[in-house]
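Down below is the structure, laid out as C-alpha coordinates.
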Amino acid sequence: MDFKICFGRSPWFRLYGFLSIVGSTKLKITNIFVTGAIHCGKTTILNRVIAFFPELKIGGFRTVPIIEHGVKKGFILESLSGESKTFAHVELNTNNLFDIYRYNISIFEDFGATCLAEALANSDLILMDEIGLMERDAHHFCQMILRCLNSKRIVLGAYQKRASWFAQMLRFRADTHVFEVTIANREQIPGQIISLLKE
(Lines give C-alpha, C1' and ligand atoms only; values in the text may rest on other atoms or scores of the structure.)
Protein backbone atom coordinates (compact mmCIF):
# COMPACT_ATOMS: atom_id res chain seq x y z
CA MET A 1 0.00 0.00 0.00
CA ASP A 2 1.38 3.44 -0.92
CA PHE A 3 0.95 5.51 2.24
CA LYS A 4 2.16 8.61 0.40
CA ILE A 5 -0.88 8.37 -1.84
CA CYS A 6 -3.28 7.45 0.95
CA PHE A 7 -2.22 10.08 3.44
CA GLY A 8 -0.71 12.91 1.41
CA ARG A 9 2.79 14.22 0.99
CA SER A 10 3.39 15.37 4.57
CA PRO A 11 5.53 12.84 6.51
CA TRP A 12 3.51 13.68 9.62
CA PHE A 13 0.26 12.56 8.04
CA ARG A 14 1.78 9.50 6.42
CA LEU A 15 2.89 8.55 9.94
CA TYR A 16 -0.54 9.33 11.47
CA GLY A 17 -2.23 7.30 8.76
CA PHE A 18 0.08 4.34 9.20
CA LEU A 19 -0.28 4.38 13.00
CA SER A 20 -4.05 4.69 12.61
CA ILE A 21 -4.17 1.48 10.58
CA VAL A 22 -1.78 -0.34 12.91
CA GLY A 23 -3.74 0.82 15.96
CA SER A 24 -7.08 -0.22 14.52
CA THR A 25 -7.20 -3.73 15.96
CA LYS A 26 -10.60 -3.52 17.69
CA LEU A 27 -13.35 -5.64 16.20
CA LYS A 28 -16.15 -3.52 17.61
CA ILE A 29 -17.12 -0.11 16.23
CA THR A 30 -16.12 2.39 18.94
CA ASN A 31 -15.35 5.48 16.84
CA ILE A 32 -18.32 7.14 15.15
CA PHE A 33 -18.13 10.35 13.14
CA VAL A 34 -20.50 12.45 11.10
CA THR A 35 -19.50 14.70 8.24
CA GLY A 36 -21.29 16.77 5.66
CA ALA A 37 -21.91 20.25 4.34
CA ILE A 38 -21.91 23.31 6.59
CA HIS A 39 -25.12 23.64 8.62
CA CYS A 40 -26.33 20.15 7.67
CA GLY A 41 -27.03 19.27 11.32
CA LYS A 42 -23.87 17.49 12.49
CA THR A 43 -23.80 18.99 16.00
CA THR A 44 -27.55 18.49 16.45
CA ILE A 45 -27.11 14.79 15.67
CA LEU A 46 -24.31 14.43 18.21
CA ASN A 47 -26.33 16.24 20.88
CA ARG A 48 -29.30 13.92 20.33
CA VAL A 49 -27.10 10.85 20.64
CA ILE A 50 -25.46 12.13 23.84
CA ALA A 51 -28.85 12.90 25.35
CA PHE A 52 -29.83 9.24 24.89
CA PHE A 53 -26.99 8.11 27.18
CA PRO A 54 -27.26 10.31 30.31
CA GLU A 55 -25.41 7.69 32.37
CA LEU A 56 -22.17 8.14 30.41
CA LYS A 57 -19.45 10.48 31.61
CA ILE A 58 -18.54 12.67 28.65
CA GLY A 59 -15.33 14.57 27.98
CA GLY A 60 -13.68 16.17 24.99
CA PHE A 61 -14.34 19.44 23.21
CA ARG A 62 -16.74 21.52 21.17
CA THR A 63 -16.01 24.36 18.78
CA VAL A 64 -18.36 27.31 19.25
CA PRO A 65 -18.70 30.26 16.84
CA ILE A 66 -18.09 33.80 18.06
CA ILE A 67 -20.93 36.03 16.88
CA GLU A 68 -20.49 39.80 17.11
CA HIS A 69 -23.34 42.06 16.00
CA GLY A 70 -24.87 39.17 14.08
CA VAL A 71 -21.66 38.36 12.18
CA LYS A 72 -19.41 35.32 12.72
CA LYS A 73 -16.01 36.62 13.77
CA GLY A 74 -14.21 33.53 15.02
CA PHE A 75 -14.32 30.31 17.00
CA ILE A 76 -13.86 29.13 20.58
CA LEU A 77 -12.57 25.72 21.65
CA GLU A 78 -14.65 24.67 24.65
CA SER A 79 -14.10 21.76 27.02
CA LEU A 80 -17.07 19.77 28.29
CA SER A 81 -16.39 21.21 31.75
CA GLY A 82 -17.03 24.72 30.41
CA GLU A 83 -13.50 26.09 30.10
CA SER A 84 -12.91 27.79 26.76
CA LYS A 85 -10.24 29.55 24.70
CA THR A 86 -10.46 31.52 21.46
CA PHE A 87 -8.45 29.80 18.74
CA ALA A 88 -9.58 31.80 15.71
CA HIS A 89 -10.74 35.38 15.14
CA VAL A 90 -10.60 37.91 12.36
CA GLU A 91 -8.59 40.22 14.64
CA LEU A 92 -6.37 37.66 16.36
CA ASN A 93 -2.70 38.67 16.60
CA THR A 94 -1.10 35.82 14.64
CA ASN A 95 0.29 35.21 11.15
CA ASN A 96 -1.68 31.97 10.67
CA LEU A 97 -4.54 32.69 8.27
CA PHE A 98 -7.37 30.46 7.05
CA ASP A 99 -10.18 32.00 5.01
CA ILE A 100 -10.85 35.27 6.84
CA TYR A 101 -9.76 33.95 10.25
CA ARG A 102 -6.41 34.25 11.98
CA TYR A 103 -5.82 31.29 14.24
CA ASN A 104 -3.58 30.26 17.11
CA ILE A 105 -2.31 26.71 16.67
CA SER A 106 -0.99 26.60 20.24
CA ILE A 107 -4.56 26.48 21.55
CA PHE A 108 -4.94 23.06 19.92
CA GLU A 109 -1.49 21.91 21.02
CA ASP A 110 -2.00 22.89 24.66
CA PHE A 111 -5.65 23.31 25.61
CA GLY A 112 -7.12 21.01 22.95
CA ALA A 113 -4.68 18.19 23.66
CA THR A 114 -5.34 18.55 27.39
CA CYS A 115 -9.11 18.27 26.82
CA LEU A 116 -8.56 14.99 25.00
CA ALA A 117 -6.04 13.64 27.50
CA GLU A 118 -8.41 14.31 30.41
CA ALA A 119 -11.30 12.74 28.51
CA LEU A 120 -9.20 9.68 27.72
CA ALA A 121 -8.33 9.27 31.39
CA ASN A 122 -11.70 10.03 32.97
CA SER A 123 -14.61 9.69 30.52
CA ASP A 124 -16.76 6.96 29.03
CA LEU A 125 -17.32 8.89 25.79
CA ILE A 126 -14.96 11.32 24.08
CA LEU A 127 -16.65 14.08 22.06
CA MET A 128 -14.82 15.78 19.16
CA ASP A 129 -17.11 18.43 17.69
CA GLU A 130 -15.76 19.39 15.31
CA ILE A 131 -12.47 18.82 13.49
CA GLY A 132 -11.54 21.07 10.60
CA LEU A 133 -8.54 22.28 8.62
CA MET A 134 -6.86 24.57 11.15
CA GLU A 135 -5.89 21.61 13.35
CA ARG A 136 -3.93 19.67 10.75
CA ASP A 137 -0.52 21.12 11.70
CA ALA A 138 -1.08 20.79 15.46
CA HIS A 139 0.97 17.62 15.77
CA HIS A 140 0.56 17.01 19.51
CA PHE A 141 -3.20 17.50 19.18
CA CYS A 142 -3.30 15.05 16.24
CA GLN A 143 -1.35 12.51 18.27
CA MET A 144 -3.91 12.82 21.07
CA ILE A 145 -6.73 12.27 18.57
CA LEU A 146 -4.99 9.09 17.43
CA ARG A 147 -4.58 7.90 21.02
CA CYS A 148 -8.30 8.37 21.57
CA LEU A 149 -9.16 6.50 18.37
CA ASN A 150 -6.92 3.60 19.38
CA SER A 151 -8.36 3.40 22.90
CA LYS A 152 -11.33 1.38 24.15
CA ARG A 153 -13.29 4.57 24.82
CA ILE A 154 -16.28 5.51 22.69
CA VAL A 155 -15.35 8.39 20.39
CA LEU A 156 -18.19 10.44 18.92
CA GLY A 157 -17.36 13.32 16.65
CA ALA A 158 -17.87 15.46 13.61
CA TYR A 159 -15.46 16.72 10.99
CA GLN A 160 -15.75 19.20 8.18
CA LYS A 161 -16.16 17.64 4.78
CA ARG A 162 -13.18 19.58 3.47
CA ALA A 163 -10.93 18.22 6.28
CA SER A 164 -9.53 15.56 3.96
CA TRP A 165 -6.48 15.03 6.20
CA PHE A 166 -8.75 13.68 8.94
CA ALA A 167 -10.89 11.63 6.57
CA GLN A 168 -7.71 9.88 5.41
CA MET A 169 -6.78 9.16 9.03
CA LEU A 170 -10.08 7.29 9.41
CA ARG A 171 -10.18 5.71 5.99
CA PHE A 172 -8.86 2.22 6.73
CA ARG A 173 -9.94 1.81 10.35
CA ALA A 174 -12.09 -1.27 10.97
CA ASP A 175 -13.26 0.18 14.30
CA THR A 176 -14.67 3.39 12.81
CA HIS A 177 -17.93 4.27 11.08
CA VAL A 178 -18.54 7.56 9.26
CA PHE A 179 -22.01 8.87 8.46
CA GLU A 180 -22.43 11.31 5.58
CA VAL A 181 -25.13 13.75 6.71
CA THR A 182 -27.62 15.26 4.27
CA ILE A 183 -30.90 17.09 4.67
CA ALA A 184 -32.65 13.89 3.54
CA ASN A 185 -31.09 11.50 6.07
CA ARG A 186 -30.23 13.60 9.11
CA GLU A 187 -33.36 12.60 11.06
CA GLN A 188 -32.49 8.90 10.76
CA ILE A 189 -28.80 9.10 11.68
CA PRO A 190 -29.15 9.62 15.47
CA GLY A 191 -31.08 6.35 15.76
CA GLN A 192 -28.53 4.54 13.61
CA ILE A 193 -25.67 5.78 15.80
CA ILE A 194 -27.52 4.80 18.97
CA SER A 195 -28.06 1.29 17.56
CA LEU A 196 -24.33 0.97 16.82
CA LEU A 197 -23.40 2.08 20.33
CA LYS A 198 -25.85 -0.35 21.92
CA GLU A 199 -24.41 -3.38 20.09
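Naming scheme: A, B, ... for chains in displayed order of the C-alpha coordinates; residues 1 onward per chain; ligands 1 onward as shown.
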
Skip segment 40-46 of chain A itself and residues of its chain fewer than 3 positions away, then list as a count of residues only all residues within 7 Å of it, counting only C-alpha atoms. 13

Would you mind listing what lies within 10 Å of segment 131-134 of chain A as a PyMOL selection string, with only C-alpha atoms counted and same-chain residues fewer than 6 positions away left out? chain A and resi 35+61-63+87-88+96-98+101-105+108+157-166

With N, CA, C and O atoms retained, write the just-selected residues as a JSON list (two decimals), in the first residue's frame.
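For reference, selection29.json as written:
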[["chain", "number", "residue", "atom", "x", "y", "z"],
["A", 35, "THR", "N", -20.06, 13.64, 9.06],
["A", 35, "THR", "CA", -19.50, 14.70, 8.24],
["A", 35, "THR", "C", -20.55, 15.14, 7.25],
["A", 35, "THR", "O", -21.58, 14.47, 7.07],
["A", 61, "PHE", "N", -14.26, 18.01, 23.54],
["A", 61, "PHE", "CA", -14.34, 19.44, 23.21],
["A", 61, "PHE", "C", -15.44, 19.72, 22.20],
["A", 61, "PHE", "O", -15.89, 18.83, 21.46],
["A", 62, "ARG", "N", -15.86, 20.97, 22.20],
["A", 62, "ARG", "CA", -16.74, 21.52, 21.17],
["A", 62, "ARG", "C", -16.09, 22.77, 20.59],
["A", 62, "ARG", "O", -15.34, 23.46, 21.28],
["A", 63, "THR", "N", -16.38, 23.07, 19.34],
["A", 63, "THR", "CA", -16.01, 24.36, 18.78],
["A", 63, "THR", "C", -17.28, 25.20, 18.68],
["A", 63, "THR", "O", -18.31, 24.72, 18.19],
["A", 87, "PHE", "N", -9.55, 30.27, 19.59],
["A", 87, "PHE", "CA", -8.45, 29.80, 18.74],
["A", 87, "PHE", "C", -8.44, 30.47, 17.37],
["A", 87, "PHE", "O", -7.44, 30.41, 16.65],
["A", 88, "ALA", "N", -9.54, 31.12, 17.01],
["A", 88, "ALA", "CA", -9.58, 31.80, 15.71],
["A", 88, "ALA", "C", -10.44, 33.05, 15.80],
["A", 88, "ALA", "O", -11.50, 33.04, 16.45],
["A", 96, "ASN", "N", -0.97, 33.10, 11.25],
["A", 96, "ASN", "CA", -1.68, 31.97, 10.67],
["A", 96, "ASN", "C", -3.04, 32.42, 10.16],
["A", 96, "ASN", "O", -3.84, 32.95, 10.94],
["A", 97, "LEU", "N", -3.30, 32.21, 8.88],
["A", 97, "LEU", "CA", -4.54, 32.69, 8.27],
["A", 97, "LEU", "C", -5.24, 31.56, 7.52],
["A", 97, "LEU", "O", -4.61, 30.85, 6.74],
["A", 98, "PHE", "N", -6.54, 31.41, 7.79],
["A", 98, "PHE", "CA", -7.37, 30.46, 7.05],
["A", 98, "PHE", "C", -8.69, 31.14, 6.73],
["A", 98, "PHE", "O", -9.39, 31.61, 7.62],
["A", 101, "TYR", "N", -10.08, 34.07, 8.83],
["A", 101, "TYR", "CA", -9.76, 33.95, 10.25],
["A", 101, "TYR", "C", -8.27, 33.78, 10.48],
["A", 101, "TYR", "O", -7.61, 32.99, 9.80],
["A", 102, "ARG", "N", -7.76, 34.50, 11.48],
["A", 102, "ARG", "CA", -6.41, 34.25, 11.98],
["A", 102, "ARG", "C", -6.54, 33.29, 13.16],
["A", 102, "ARG", "O", -7.46, 33.43, 13.96],
["A", 103, "TYR", "N", -5.65, 32.32, 13.22],
["A", 103, "TYR", "CA", -5.82, 31.29, 14.24],
["A", 103, "TYR", "C", -4.52, 31.00, 14.98],
["A", 103, "TYR", "O", -3.43, 31.16, 14.43],
["A", 104, "ASN", "N", -4.69, 30.55, 16.21],
["A", 104, "ASN", "CA", -3.58, 30.26, 17.11],
["A", 104, "ASN", "C", -3.45, 28.75, 17.28],
["A", 104, "ASN", "O", -4.25, 28.13, 17.99],
["A", 105, "ILE", "N", -2.45, 28.17, 16.65],
["A", 105, "ILE", "CA", -2.31, 26.71, 16.67],
["A", 105, "ILE", "C", -1.96, 26.20, 18.06],
["A", 105, "ILE", "O", -2.25, 25.04, 18.40],
["A", 108, "PHE", "N", -4.73, 24.49, 20.15],
["A", 108, "PHE", "CA", -4.94, 23.06, 19.92],
["A", 108, "PHE", "C", -3.86, 22.24, 20.62],
["A", 108, "PHE", "O", -4.15, 21.21, 21.25],
["A", 157, "GLY", "N", -17.84, 12.03, 17.13],
["A", 157, "GLY", "CA", -17.36, 13.32, 16.65],
["A", 157, "GLY", "C", -17.91, 13.72, 15.30],
["A", 157, "GLY", "O", -18.67, 12.99, 14.66],
["A", 158, "ALA", "N", -17.50, 14.91, 14.91],
["A", 158, "ALA", "CA", -17.87, 15.46, 13.61],
["A", 158, "ALA", "C", -16.62, 16.07, 12.98],
["A", 158, "ALA", "O", -15.73, 16.56, 13.69],
["A", 159, "TYR", "N", -16.55, 16.01, 11.67],
["A", 159, "TYR", "CA", -15.46, 16.72, 10.99],
["A", 159, "TYR", "C", -15.99, 17.37, 9.72],
["A", 159, "TYR", "O", -16.95, 16.91, 9.10],
["A", 160, "GLN", "N", -15.36, 18.48, 9.38],
["A", 160, "GLN", "CA", -15.75, 19.20, 8.18],
["A", 160, "GLN", "C", -15.45, 18.37, 6.94],
["A", 160, "GLN", "O", -14.43, 17.68, 6.88],
["A", 161, "LYS", "N", -16.32, 18.45, 5.98],
["A", 161, "LYS", "CA", -16.16, 17.64, 4.78],
["A", 161, "LYS", "C", -14.86, 17.96, 4.04],
["A", 161, "LYS", "O", -14.25, 17.09, 3.41],
["A", 162, "ARG", "N", -14.41, 19.20, 4.16],
["A", 162, "ARG", "CA", -13.18, 19.58, 3.47],
["A", 162, "ARG", "C", -11.91, 19.20, 4.26],
["A", 162, "ARG", "O", -10.81, 19.41, 3.77],
["A", 163, "ALA", "N", -12.08, 18.65, 5.47],
["A", 163, "ALA", "CA", -10.93, 18.22, 6.28],
["A", 163, "ALA", "C", -10.45, 16.86, 5.79],
["A", 163, "ALA", "O", -10.55, 15.85, 6.48],
["A", 164, "SER", "N", -9.91, 16.83, 4.59],
["A", 164, "SER", "CA", -9.53, 15.56, 3.96],
["A", 164, "SER", "C", -8.41, 14.87, 4.74],
["A", 164, "SER", "O", -8.32, 13.64, 4.73],
["A", 165, "TRP", "N", -7.57, 15.64, 5.42],
["A", 165, "TRP", "CA", -6.48, 15.03, 6.20],
["A", 165, "TRP", "C", -7.05, 14.09, 7.27],
["A", 165, "TRP", "O", -6.48, 13.03, 7.52],
["A", 166, "PHE", "N", -8.17, 14.50, 7.88],
["A", 166, "PHE", "CA", -8.75, 13.68, 8.94],
["A", 166, "PHE", "C", -9.52, 12.50, 8.35],
["A", 166, "PHE", "O", -9.47, 11.39, 8.89]]

Please build the interface table for segment 117-144 of chain A against segment 28-32 of chain A with a cut-off of 10 Å, listing for each qualifying residue the nearest atom pair and the distance in Å to one decimal; count only C-alpha atoms, order rows by chain and increasing number, and write it as CSV.
residue,atom,partner,partner_atom,distance
A:Leu125,CA,A:Thr30,CA,9.5
A:Ile126,CA,A:Asn31,CA,9.3
A:Leu127,CA,A:Ile32,CA,9.9

Selection export as a JSON list (two decimals), in the first residue's frame, atoms kept: C-alpha atoms:
[["chain", "number", "residue", "atom", "x", "y", "z"],
["A", 125, "LEU", "CA", -17.32, 8.89, 25.79],
["A", 126, "ILE", "CA", -14.96, 11.32, 24.08],
["A", 127, "LEU", "CA", -16.65, 14.08, 22.06]]

Could you give me the residues within segment 11-134 of chain A that DSSP places in helix (DSSP H, G or I), as an MDAnalysis selection string? chainID A and resid 11:23 42:52 105:122 134

Measure the distance from atom CA of Lys198 of chain A to atom CA of Asn47 of chain A in Å and round it to one decimal.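 About the pair atom CA of Lys198 of chain A and atom CA of Asn47 of chain A: they are 16.6 Å apart.
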
Quick one: everything within 8 Å of Asp124 of chain A, counting only C-alpha atoms, minus sequence neighbours fewer than 6 positions away in the same chain. Send it as a PyMOL selection string. chain A and resi 56-59+153-154

To one decimal place, how far is atom CA of Ala174 of chain A from atom CA of Ile145 of chain A in Å? 16.4 Å
